[in-house]
Amino acid sequence: MTTAYEDAHTGSPVLDGLTEEPWRDVPAEEARWMRPRLPELLGPMVQGVLRHVPEYDRPGDAAYVRVAEAAVAHAMEHFVQMIADPDASWKEVYQVFFDVGYGEAVEGRSLEHLQNAMRVASRLAWRHLAVEAERLGRPRALVSLLAEANFAYLDALASAAAHGYARAREKAAGEREQRRGRLLALLLSDPAAPPEVVGEQSARAGWPL
């Protein structure tokens, strides 16, 4: 990710008085107390999503839960890594959430459900980290900055997922047009195409005969 504007003090991009990458303003050493907390957060965050976003509650679907756990684990680890090293690569986590958004579109679900799930996970993560920060006696200014970093990071992941979702929709629309083109060719063919072939192609094109 590249910056568009730069703050004179920190080098962080600035937008309307808020840094676009507020994790750059968090002292790198803060990652030391956050990283050991990550494993215990994974379960509550995934279960919270399944509980609060009914569309994602799939009892008995172990594969789906593993995908959710992997996405959450990537996000948490990368968030802490961005605090430890603000110049760390976004490539892997971006691809993870791009793929998640892409998959949601392929399965025919609304992007709203995914966005709700991401907000729930982010709120749960922040609740646990805020409690730990208070327990460790971290300054209020730091806690506030961490909250801002959490919100900004969520926005970045949501953008990656939205791009994946849009790409899948664009691809599906292109494929649908191709199928309809093939159907039109069948309807105009001479001699006429067999009815069963036309029926199969019309179903694929989403055009009822």
# chains A, B, ... in the order shown; residues from 1 in each chain; ligands from 1
$ residues_around --residues "Trp33 in chain A" --least-positions-apart "4" --cutoff "10 Å" --atoms "only C-alpha atoms" --output "NGL selection string"
:A and (29 or 37-38 or 80 or 129 or 132-133 or 136)
$ residues_around --residues "Glu69 in chain A" --least-positions-apart "5" --cutoff "8 Å" --atoms "only C-alpha atoms" --output "ChimeraX atom specification"
/A:42-43,46
$ write_last_selection --atoms "all heavy atoms" --output "mmCIF file, in the first residue's frame"
data_model
loop_
_atom_site.group_PDB
_atom_site.id
_atom_site.type_symbol
_atom_site.label_atom_id
_atom_site.label_comp_id
_atom_site.auth_asym_id
_atom_site.auth_seq_id
_atom_site.Cartn_x
_atom_site.Cartn_y
_atom_site.Cartn_z
ATOM 1 N N LEU A 42 -8.433 -16.017 19.078
ATOM 2 C CA LEU A 42 -8.936 -16.629 17.851
ATOM 3 C C LEU A 42 -10.307 -17.278 18.041
ATOM 4 O O LEU A 42 -11.253 -16.996 17.298
ATOM 5 C CB LEU A 42 -7.926 -17.652 17.331
ATOM 6 C CG LEU A 42 -8.312 -18.364 16.037
ATOM 7 C CD1 LEU A 42 -8.512 -17.356 14.919
ATOM 8 C CD2 LEU A 42 -7.236 -19.379 15.648
ATOM 9 N N GLY A 43 -10.419 -18.146 19.048
ATOM 10 C CA GLY A 43 -11.685 -18.843 19.281
ATOM 11 C C GLY A 43 -12.848 -17.907 19.548
ATOM 12 O O GLY A 43 -13.904 -17.998 18.890
ATOM 13 N N VAL A 46 -13.962 -15.989 16.293
ATOM 14 C CA VAL A 46 -14.690 -16.810 15.315
ATOM 15 C C VAL A 46 -16.071 -17.173 15.841
ATOM 16 O O VAL A 46 -17.075 -17.065 15.124
ATOM 17 C CB VAL A 46 -13.888 -18.089 14.978
ATOM 18 C CG1 VAL A 46 -14.725 -19.034 14.109
ATOM 19 C CG2 VAL A 46 -12.594 -17.728 14.260
#
$ select_by_dssp --residues "range 11-180 of chain A" --states "helix (DSSP H, G or I)" --output "PyMOL selection string"
chain A and resi 22-25+28-52+54-56+62-84+91-106+111-135+140-180
$ closest_residue --among "A:Met118, A:Ala73, A:Arg109, A:Gly199" --to "Gly48 in chain A" --atoms "only C-alpha atoms"
A:Met118
$ closest_residue --among "A:Met76, A:Val100, A:Ile83, A:Val53" --to "His163 in chain A" --atoms "only C-alpha atoms"
A:Val100
$ atom_distance --atom1 "CA of Gly181 in chain A" --atom2 "CA of Gly101 in chain A"
28.0 Å
$ residues_around --residues "Glu104 in chain A" --least-positions-apart "6" --cutoff "12 Å" --atoms "only C-alpha atoms" --output "ChimeraX atom specification"
/A:55-56,64,97-98,110-115,161-169
$ closest_residue --among "A:Pro36, A:Ser159, A:Pro59, A:Ser144" --to "Gln95 in chain A" --atoms "only C-alpha atoms"
A:Ser159
$ atom_distance --atom1 "CA of Leu183 in chain A" --atom2 "CA of Lys171 in chain A"
18.4 Å
$ closest_residue --among "A:Tyr102, A:Ser122, A:Gly137, A:Pro194" --to "Ala149 in chain A" --atoms "only C-alpha atoms"
A:Ser122
$ closest_residue --among "A:Glu30, A:Ala172, A:Leu124, A:Tyr94" --to "Gln47 in chain A" --atoms "only C-alpha atoms"
A:Leu124
$ residues_around --residues "Val143 in chain A" --least-positions-apart "5" --cutoff "9 Å" --atoms "only C-alpha atoms" --output "compact mmCIF listing (two decimals) with N, CA, C and O atoms, in the first residue's frame"
# COMPACT_ATOMS: atom_id res chain seq x y z
N ALA A 130 -8.04 -3.92 24.57
CA ALA A 130 -8.21 -2.74 25.41
C ALA A 130 -8.14 -3.11 26.89
O ALA A 130 -7.54 -2.38 27.70
N ALA A 133 -4.52 -3.70 27.64
CA ALA A 133 -3.78 -2.44 27.69
C ALA A 133 -4.02 -1.72 29.01
O ALA A 133 -3.09 -1.17 29.62
N GLU A 134 -5.27 -1.75 29.48
CA GLU A 134 -5.59 -1.11 30.76
C GLU A 134 -4.91 -1.84 31.91
O GLU A 134 -4.38 -1.22 32.83
N ARG A 138 -1.19 1.05 30.24
CA ARG A 138 -0.79 1.84 29.09
C ARG A 138 -1.52 3.19 29.11
O ARG A 138 -2.67 3.28 29.52
N GLU A 148 -7.89 3.76 16.98
CA GLU A 148 -7.90 4.35 15.64
C GLU A 148 -7.21 3.41 14.65
O GLU A 148 -7.69 3.23 13.52
$ decode --residues "range 131-149 of chain A" --atoms "N, CA and C atoms" --output "tab-separated table (two decimals), in the first residue's frame"
chain	number	residue	atom	x	y	z
A	131	VAL	N	-8.74	-4.25	27.23
A	131	VAL	CA	-8.68	-4.71	28.62
A	131	VAL	C	-7.23	-4.99	29.02
A	132	GLU	N	-6.49	-5.62	28.12
A	132	GLU	CA	-5.09	-5.94	28.43
A	132	GLU	C	-4.26	-4.67	28.53
A	133	ALA	N	-4.52	-3.70	27.64
A	133	ALA	CA	-3.78	-2.44	27.69
A	133	ALA	C	-4.02	-1.72	29.01
A	134	GLU	N	-5.27	-1.75	29.48
A	134	GLU	CA	-5.59	-1.11	30.76
A	134	GLU	C	-4.91	-1.84	31.91
A	135	ARG	N	-4.91	-3.17	31.84
A	135	ARG	CA	-4.27	-3.97	32.89
A	135	ARG	C	-2.78	-3.65	32.99
A	136	LEU	N	-2.15	-3.40	31.83
A	136	LEU	CA	-0.73	-3.12	31.80
A	136	LEU	C	-0.42	-1.65	32.10
A	137	GLY	N	-1.48	-0.85	32.29
A	137	GLY	CA	-1.27	0.55	32.62
A	137	GLY	C	-0.80	1.41	31.47
A	138	ARG	N	-1.19	1.05	30.24
A	138	ARG	CA	-0.79	1.84	29.09
A	138	ARG	C	-1.52	3.19	29.11
A	139	PRO	N	-0.86	4.26	28.65
A	139	PRO	CA	-1.47	5.60	28.66
A	139	PRO	C	-2.76	5.64	27.84
A	140	ARG	N	-3.67	6.50	28.25
A	140	ARG	CA	-4.94	6.64	27.54
A	140	ARG	C	-4.72	7.07	26.08
A	141	ALA	N	-3.72	7.93	25.86
A	141	ALA	CA	-3.44	8.39	24.50
A	141	ALA	C	-3.06	7.22	23.60
A	142	LEU	N	-2.30	6.28	24.16
A	142	LEU	CA	-1.90	5.11	23.39
A	142	LEU	C	-3.10	4.23	23.08
A	143	VAL	N	-3.95	4.02	24.09
A	143	VAL	CA	-5.14	3.19	23.90
A	143	VAL	C	-6.04	3.80	22.81
A	144	SER	N	-6.17	5.12	22.83
A	144	SER	CA	-6.96	5.80	21.81
A	144	SER	C	-6.36	5.61	20.42
A	145	LEU	N	-5.05	5.69	20.34
A	145	LEU	CA	-4.37	5.52	19.06
A	145	LEU	C	-4.52	4.09	18.54
A	146	LEU	N	-4.47	3.12	19.46
A	146	LEU	CA	-4.67	1.73	19.07
A	146	LEU	C	-6.08	1.51	18.52
A	147	ALA	N	-7.05	2.18	19.13
A	147	ALA	CA	-8.43	2.07	18.65
A	147	ALA	C	-8.52	2.61	17.22
A	148	GLU	N	-7.89	3.76	16.98
A	148	GLU	CA	-7.90	4.35	15.64
A	148	GLU	C	-7.21	3.41	14.65
A	149	ALA	N	-6.10	2.81	15.07
A	149	ALA	CA	-5.40	1.87	14.20
A	149	ALA	C	-6.27	0.67	13.87
